[in-house]
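Dropping data29.cif in here (mmCIF, C-alpha atoms and all ligand atoms):
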data_query
#
loop_
_atom_site.label_atom_id
_atom_site.label_comp_id
_atom_site.auth_asym_id
_atom_site.auth_seq_id
_atom_site.Cartn_x
_atom_site.Cartn_y
_atom_site.Cartn_z
CA MET A 1 -23.47 -0.32 -18.41
CA GLU A 2 -24.21 -3.90 -19.36
CA TRP A 3 -21.47 -6.51 -19.26
CA ASN A 4 -20.91 -8.47 -22.42
CA ARG A 5 -19.81 -12.06 -22.74
CA SER A 6 -16.47 -11.58 -24.51
CA GLU A 7 -15.45 -8.85 -22.09
CA ILE A 8 -16.16 -11.09 -19.12
CA LEU A 9 -14.20 -13.97 -20.63
CA ALA A 10 -11.21 -11.73 -21.34
CA LEU A 11 -11.13 -10.42 -17.77
CA ALA A 12 -11.72 -13.70 -15.91
CA ALA A 13 -8.83 -15.24 -13.97
CA HIS A 14 -8.02 -18.62 -15.52
CA ASN A 15 -7.15 -20.06 -12.11
CA CYS A 16 -10.31 -18.78 -10.37
CA THR A 17 -11.76 -21.52 -8.18
CA ARG A 18 -15.24 -20.02 -8.38
CA CYS A 19 -15.80 -19.64 -12.14
CA HIS A 20 -12.83 -21.72 -13.44
CA GLY A 21 -11.88 -19.01 -15.89
CA VAL A 22 -15.31 -18.60 -17.46
CA GLY A 23 -16.01 -15.31 -15.65
CA SER A 24 -19.57 -16.04 -14.62
CA SER A 25 -21.58 -18.58 -12.69
CA ILE A 26 -25.22 -19.37 -12.09
CA GLY A 27 -26.58 -17.46 -9.12
CA LYS A 28 -29.23 -18.39 -6.58
CA ARG A 29 -32.09 -17.36 -8.82
CA GLY A 30 -30.76 -19.28 -11.78
CA ARG A 31 -29.39 -16.17 -13.47
CA SER A 32 -25.86 -15.73 -14.75
CA VAL A 33 -23.76 -13.74 -12.28
CA THR A 34 -20.46 -12.03 -13.15
CA CYS A 35 -17.65 -13.53 -11.06
CA THR A 36 -15.76 -11.48 -8.51
CA CYS A 37 -12.47 -12.26 -10.28
CA VAL A 38 -13.78 -10.16 -13.19
CA HIS A 39 -14.62 -7.28 -10.83
CA ARG A 40 -11.14 -7.46 -9.32
CA ALA A 41 -9.55 -7.36 -12.80
CA VAL A 42 -11.51 -4.19 -13.57
CA PHE A 43 -10.32 -2.64 -10.32
CA ARG A 44 -6.68 -3.50 -11.04
CA ALA A 45 -6.89 -1.95 -14.51
CA CYS A 46 -8.48 1.23 -13.14
CA TYR A 47 -6.00 1.45 -10.26
CA GLU A 48 -3.06 0.97 -12.62
CA ARG A 49 -4.32 3.86 -14.76
CA PHE A 50 -4.90 5.97 -11.65
CA ARG A 51 -1.28 5.50 -10.63
CA ARG A 52 -0.02 6.41 -14.07
CA CYS A 53 -2.14 9.57 -14.12
CA ALA A 54 -1.13 10.53 -10.59
CA GLU A 55 2.57 10.03 -11.22
CA LYS A 56 2.65 12.13 -14.39
CA GLU A 57 4.01 15.59 -14.14
CA LYS A 58 1.16 18.07 -14.17
CA ALA A 59 2.74 19.98 -17.03
CA LEU A 60 2.57 16.90 -19.22
CA THR A 61 -1.18 16.30 -18.91
CA LYS A 62 -3.31 17.24 -21.88
CA CYS A 63 -5.93 19.93 -21.86
CA THR A 64 -8.83 19.07 -24.17
CA LEU A 65 -11.94 20.81 -25.40
CA ASP A 66 -14.98 18.74 -24.49
CA LEU A 67 -17.91 18.94 -26.89
CA PRO A 68 -21.36 19.55 -25.47
CA SER A 69 -23.28 16.40 -24.58
CA GLY A 70 -26.82 15.55 -23.46
CA ASN A 71 -28.94 18.58 -22.65
CA THR A 72 -26.05 20.95 -22.24
CA ARG A 73 -24.87 23.16 -25.10
CA ARG A 74 -21.81 24.31 -23.24
CA TYR A 75 -18.28 23.60 -24.37
CA SER A 76 -15.85 23.07 -21.57
CA TRP A 77 -12.15 22.66 -21.02
CA GLY A 78 -11.02 19.58 -19.18
CA ARG A 79 -7.90 17.70 -18.31
CA LYS A 80 -8.62 14.03 -18.64
CA ASP A 81 -5.98 12.82 -16.23
CA GLU A 82 -7.08 15.15 -13.44
CA GLU A 83 -10.72 14.27 -14.08
CA TYR A 84 -9.89 10.61 -13.88
CA ILE A 85 -7.94 11.01 -10.63
CA ALA A 86 -10.84 12.92 -9.09
CA ASP A 87 -13.43 10.44 -10.39
CA PHE A 88 -11.44 7.47 -9.09
CA CYS A 89 -11.11 8.97 -5.61
CA LEU A 90 -14.63 10.41 -5.31
CA VAL A 91 -16.37 7.26 -6.54
CA SER A 92 -14.30 5.12 -4.16
CA ARG A 93 -15.15 7.34 -1.24
CA ARG A 94 -18.83 7.20 -2.12
CA TYR A 95 -19.12 3.44 -2.47
CA LEU A 96 -16.93 2.14 0.37
CA ASP A 97 -17.95 2.06 4.01
CA GLN A 98 -15.86 3.85 6.60
CA ASP A 99 -13.56 0.93 7.50
CA GLU A 100 -13.04 -0.03 3.87
CA TYR A 101 -12.24 3.53 2.91
CA ARG A 102 -9.63 3.79 5.67
CA VAL A 103 -7.83 0.74 4.30
CA PHE A 104 -8.32 1.91 0.71
CA ARG A 105 -6.84 5.31 1.51
CA PHE A 106 -3.84 3.95 3.40
CA HIS A 107 -3.00 1.16 0.98
CA TYR A 108 -4.06 2.38 -2.46
CA LEU A 109 -3.87 6.14 -2.16
CA LEU A 110 -1.01 6.61 0.28
CA GLY A 111 0.90 3.49 -0.76
CA ALA A 112 1.34 1.89 2.67
CA ASP A 113 2.24 -1.81 2.52
CA TRP A 114 0.37 -4.46 4.51
CA LYS A 115 2.75 -4.27 7.48
CA LEU A 116 2.31 -0.54 7.89
CA CYS A 117 -1.45 -0.76 7.30
CA THR A 118 -2.04 -3.50 9.85
CA ARG A 119 0.08 -1.70 12.42
CA GLN A 120 -1.42 1.73 11.87
CA LEU A 121 -5.01 0.58 11.50
CA LYS A 122 -4.68 -2.10 14.18
CA ILE A 123 -6.13 -4.94 12.13
CA GLU A 124 -5.01 -8.53 11.64
CA LYS A 125 -3.13 -9.48 8.48
CA GLY A 126 -5.88 -11.91 7.41
CA ASP A 127 -8.61 -9.30 7.92
CA PHE A 128 -6.57 -6.78 5.97
CA PHE A 129 -6.25 -9.01 2.91
CA HIS A 130 -9.90 -10.01 3.10
CA MET A 131 -10.82 -6.37 3.10
CA LEU A 132 -8.60 -5.70 0.09
CA TYR A 133 -10.52 -8.40 -1.78
CA ARG A 134 -13.85 -6.84 -0.80
CA ILE A 135 -12.66 -3.38 -1.82
CA GLN A 136 -11.42 -4.61 -5.20
CA GLN A 137 -14.63 -6.50 -5.89
CA ARG A 138 -16.93 -3.70 -4.88
CA LEU A 139 -15.06 -0.94 -6.67
CA GLY A 140 -14.37 -3.00 -9.80
CA ARG A 141 -18.07 -3.58 -10.18
CA VAL A 142 -18.94 0.05 -9.50
CA PHE A 143 -16.26 1.32 -11.91
CA ARG A 144 -17.78 -0.82 -14.67
CA GLU A 145 -21.49 -0.37 -13.90
CA LEU A 146 -21.57 3.28 -12.84
CA LYS A 147 -24.21 5.31 -14.66
CA PRO A 148 -24.28 7.43 -16.69
CA PHE A 149 -20.48 7.37 -17.11
CA ALA A 150 -18.47 4.33 -16.09
CA LEU A 151 -14.73 4.53 -15.42
CA TYR A 152 -14.23 1.25 -17.26
CA PRO A 153 -13.57 0.48 -20.14
CA LEU A 154 -10.78 3.03 -19.80
CA ASP A 155 -10.47 3.76 -23.52
CA GLU A 156 -14.15 4.74 -23.61
CA TYR A 157 -13.75 6.85 -20.48
CA PHE A 158 -10.83 8.78 -21.90
CA ALA A 159 -12.55 9.19 -25.27
CA SER A 160 -15.87 10.39 -23.86
CA THR A 161 -16.86 13.84 -22.69
CA GLY A 162 -18.92 15.42 -19.96
CA ARG A 163 -18.53 12.69 -17.38
CA MET A 164 -18.52 14.93 -14.40
CA GLU A 165 -19.96 18.36 -13.82
CA LEU A 166 -17.12 20.83 -13.64
CA GLU A 167 -18.65 22.33 -10.54
CA GLU A 168 -18.17 19.00 -8.81
CA LEU A 169 -14.58 18.87 -10.01
CA ARG A 170 -14.04 22.21 -8.35
CA SER A 171 -15.25 20.90 -5.00
CA PRO A 172 -12.72 21.27 -2.17
CA GLU A 173 -12.52 17.51 -1.80
CA ALA A 174 -11.69 16.93 -5.46
CA GLU A 175 -9.11 19.68 -5.40
CA ARG A 176 -7.55 18.33 -2.23
CA VAL A 177 -7.32 14.87 -3.75
CA VAL A 178 -5.65 16.10 -6.90
CA ALA A 179 -3.32 18.35 -4.95
CA LEU A 180 -2.32 15.37 -2.85
CA TYR A 181 -0.88 13.67 -5.91
CA GLN A 182 0.33 16.49 -8.03
CA LYS A 183 2.23 19.48 -6.87
CA ALA A 184 0.35 22.69 -7.33
CA GLU A 185 2.01 24.88 -9.94
CA GLY A 186 -0.16 27.93 -9.59
CA ARG A 187 -2.59 26.82 -12.28
CA PRO A 188 -6.30 26.33 -11.61
CA LEU A 189 -7.51 22.72 -11.53
CA VAL A 190 -9.95 23.33 -14.36
CA PRO A 191 -9.73 26.36 -16.66
CA PRO A 192 -12.76 28.69 -16.72
CA MET A 193 -15.82 27.26 -18.45
CA ARG A 194 -16.50 28.71 -21.88
CA GLN A 195 -19.87 29.21 -23.47
CA ALA A 196 -20.62 27.81 -26.91
CA ALA A 197 -20.40 30.48 -29.59
ZN ZN B 1 -13.91 -16.11 -11.37
#
Take the structure in the file and write it out as structure tokens.
Amino acid sequence: MEWNRSEILALAAHNCTRCHGVGSSIGKRGRSVTCTCVHRAVFRACYERFRRCAEKEKALTKCTLDLPSGNTRRYSWGRKDEEYIADFCLVSRRYLDQDEYRVFRFHYLLGADWKLCTRQLKIEKGDFFHMLYRIQQRLGRVFRELKPFALYPLDEYFASTGRMELEELRSPEAERVVALYQKAEGRPLVPPMRQAA
């Protein structure tokens, strides 16, 4: 997914000392580089949506029929909110190193504040906040640039279909992650796949 100029400008922090609100700067090779404040803004938007999805009652989430896309001719049933929760968690796990993921999990997934995180993870306050910056920057960029289906822009994500193979959504890890946030109510995570007529 390519960044576009107006998107970068809209996301840039006006008080950023690196880009001064422009959202990009000239890199070492003379090419325009998207500023980290833009990546962090993407992360915040995705995290905010993640929290909203995770806090919703399971009964309230919508079940939608996804049309076939790409090479597949299969129709499938999906729940966008659950898919998004699983995507958010699985992508984060994949793109963070072990130490970053520990902090990410404690702070962003389990909701521990900085005092609890630094005590439990035995890290200094300064190191903790530096790591949060790194996590936000790295994940914000990944969420926007991920191929073939980016998590951001969120409206495109929630409007598109076939982002993740349903088999992957059924993986124990994805199920555990979703179960962590939403109480199981005896319903399967993803209804059985249906063949196109
Ligand atoms: Zn900036």
Taking only residues of chain A that have an atom at most 10 Å from an atom of ligand ZN 1 (chain B), what is each one's shortest atom pair and its distance in Å to one decimal, using all atoms listed in the file, in chain and number order, as a Markdown table?
| residue | atom | partner | partner_atom | distance |
| --- | --- | --- | --- | --- |
| A:Ile8 | CA | B:ZN1 | ZN | 9.5 |
| A:Leu9 | CA | B:ZN1 | ZN | 9.5 |
| A:Leu11 | CA | B:ZN1 | ZN | 9.0 |
| A:Ala12 | CA | B:ZN1 | ZN | 5.6 |
| A:Ala13 | CA | B:ZN1 | ZN | 5.8 |
| A:His14 | CA | B:ZN1 | ZN | 7.6 |
| A:Asn15 | CA | B:ZN1 | ZN | 7.9 |
| A:Cys16 | CA | B:ZN1 | ZN | 4.6 |
| A:Thr17 | CA | B:ZN1 | ZN | 6.6 |
| A:Arg18 | CA | B:ZN1 | ZN | 5.1 |
| A:Cys19 | CA | B:ZN1 | ZN | 4.1 |
| A:His20 | CA | B:ZN1 | ZN | 6.1 |
| A:Gly21 | CA | B:ZN1 | ZN | 5.7 |
| A:Val22 | CA | B:ZN1 | ZN | 6.7 |
| A:Gly23 | CA | B:ZN1 | ZN | 4.8 |
| A:Ser24 | CA | B:ZN1 | ZN | 6.5 |
| A:Ser25 | CA | B:ZN1 | ZN | 8.2 |
| A:Thr34 | CA | B:ZN1 | ZN | 7.9 |
| A:Cys35 | CA | B:ZN1 | ZN | 4.6 |
| A:Thr36 | CA | B:ZN1 | ZN | 5.7 |
| A:Cys37 | CA | B:ZN1 | ZN | 4.3 |
| A:Val38 | CA | B:ZN1 | ZN | 6.2 |
| A:His39 | CA | B:ZN1 | ZN | 8.9 |
| A:Arg40 | CA | B:ZN1 | ZN | 9.3 |
| A:Ala41 | CA | B:ZN1 | ZN | 9.9 |
Rank A:Leu151, A:Lys122, A:Val42, A:Asp81 by their smallest atom-to-atom distance to A:Ile135, using all atoms listed in the file, and report the top residue only. A:Val42
Nearest to A:Tyr108 by atom-to-atom distance, counting all atoms listed in the file, from A:Leu90, A:Leu132, A:Ala10, A:Ala150: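 Distance minimum relative to A:Tyr108 lands on A:Leu132.
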Please measure the separation of atom CA of A:Phe43 and atom CA of A:Phe128, giving the value in Å to one decimal.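 About the pair atom CA of A:Phe43 and atom CA of A:Phe128: they are 17.2 Å apart.
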Report, in Å to a single decimal, how far apart atom CA of A:Thr118 and atom CA of A:Lys56 are.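 Atom-to-atom, atom CA of A:Lys56 and atom CA of A:Thr118 are spaced 29.2 Å apart.
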Between A:Cys89, A:Ile26, A:Met131, A:Leu116, which residue has the minimum interatomic distance to A:Phe143, considering only C-alpha atoms?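 The shortest atom-to-atom distance to A:Phe143 comes from A:Cys89.
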Distance in Å - atom CA of A:Glu82 versus atom CA of A:Asp113: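 Taking atom CA of A:Glu82 and atom CA of A:Asp113, their separation equals 25.1 Å.
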Hey, which of A:Arg144, A:Arg134, A:Lys115, A:Lys125 ends up closest to A:Phe88? Count all atoms listed in the file.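 Nearest candidate to A:Phe88 out of A:Arg144, A:Arg134, A:Lys115, A:Lys125: A:Arg144.
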Would you list the contacts of A:Leu121 as a PyMOL selection string, taking every protein, DNA or RNA residue within 9 Å and counting only C-alpha atoms, but skipping same-chain residues closer than 5 positions in sequence? chain A and resi 102-103+106+116
Same residues, C-alpha atoms, saved as a PDB file, in the frame of the given file:
ATOM      1  CA  ARG A 102      -9.630   3.790   5.670  1.00  0.00           C
ATOM      2  CA  VAL A 103      -7.830   0.740   4.300  1.00  0.00           C
ATOM      3  CA  PHE A 106      -3.840   3.950   3.400  1.00  0.00           C
ATOM      4  CA  LEU A 116       2.310  -0.540   7.890  1.00  0.00           C
TER       5      LEU A 116
END
Compile the contact shell of A:Tyr95 as a list in words: residues with an atom at most 9 Å away, counting only C-alpha atoms, same-chain residues fewer than 6 positions apart removed.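 Counting only the stated atoms, we get Tyr101, Arg138, Leu139 and Val142 of chain A.
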Measuring between all atoms listed in the file, which one of A:Cys53, A:Leu96, A:Ile123, A:Cys117 shows the shortest distance to A:Gln137?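 Of the candidates, the smallest distance to A:Gln137 is held by A:Leu96.
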Nearest to A:Asn4, chosen from A:Val33, A:Phe50, A:Leu146, A:Ala86, with all atoms listed in the file counted in the distances: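 Selected residue with least distance to A:Asn4: A:Val33.
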Could you pull stretch 15-26 of chain A out of the block above and save it with N, CA and C atoms, as an mmCIF file, in the first residue's frame?
data_model
loop_
_atom_site.group_PDB
_atom_site.id
_atom_site.type_symbol
_atom_site.label_atom_id
_atom_site.label_comp_id
_atom_site.auth_asym_id
_atom_site.auth_seq_id
_atom_site.Cartn_x
_atom_site.Cartn_y
_atom_site.Cartn_z
ATOM 1 N N ASN A 15 2.977 19.395 16.052
ATOM 2 C CA ASN A 15 4.084 19.810 16.925
ATOM 3 C C ASN A 15 5.286 18.862 16.823
ATOM 4 N N CYS A 16 5.350 18.064 15.768
ATOM 5 C CA CYS A 16 6.456 17.110 15.621
ATOM 6 C C CYS A 16 7.761 17.872 15.362
ATOM 7 N N THR A 17 8.784 17.560 16.145
ATOM 8 C CA THR A 17 10.052 18.287 15.994
ATOM 9 C C THR A 17 10.859 17.759 14.803
ATOM 10 N N ARG A 18 10.466 16.592 14.306
ATOM 11 C CA ARG A 18 11.221 16.017 13.189
ATOM 12 C C ARG A 18 10.721 16.536 11.834
ATOM 13 N N CYS A 19 9.411 16.518 11.627
ATOM 14 C CA CYS A 19 8.868 16.920 10.313
ATOM 15 C C CYS A 19 8.156 18.263 10.372
ATOM 16 N N HIS A 20 7.957 18.826 11.586
ATOM 17 C CA HIS A 20 7.268 20.113 11.775
ATOM 18 C C HIS A 20 5.871 20.112 11.170
ATOM 19 N N GLY A 21 5.206 18.990 11.274
ATOM 20 C CA GLY A 21 3.809 18.916 10.853
ATOM 21 C C GLY A 21 3.592 18.605 9.378
ATOM 22 N N VAL A 22 4.701 18.405 8.653
ATOM 23 C CA VAL A 22 4.562 18.125 7.215
ATOM 24 C C VAL A 22 4.323 16.625 6.976
ATOM 25 N N GLY A 23 4.848 15.792 7.887
ATOM 26 C CA GLY A 23 4.615 14.357 7.786
ATOM 27 C C GLY A 23 5.682 13.580 7.044
ATOM 28 N N SER A 24 6.612 14.277 6.440
ATOM 29 C CA SER A 24 7.705 13.570 5.760
ATOM 30 C C SER A 24 8.959 14.435 5.785
ATOM 31 N N SER A 25 10.083 13.777 5.579
ATOM 32 C CA SER A 25 11.350 14.503 5.536
ATOM 33 C C SER A 25 12.230 13.837 4.480
ATOM 34 N N ILE A 26 13.330 14.474 4.174
ATOM 35 C CA ILE A 26 14.226 13.914 3.170
ATOM 36 C C ILE A 26 15.210 12.971 3.853
#
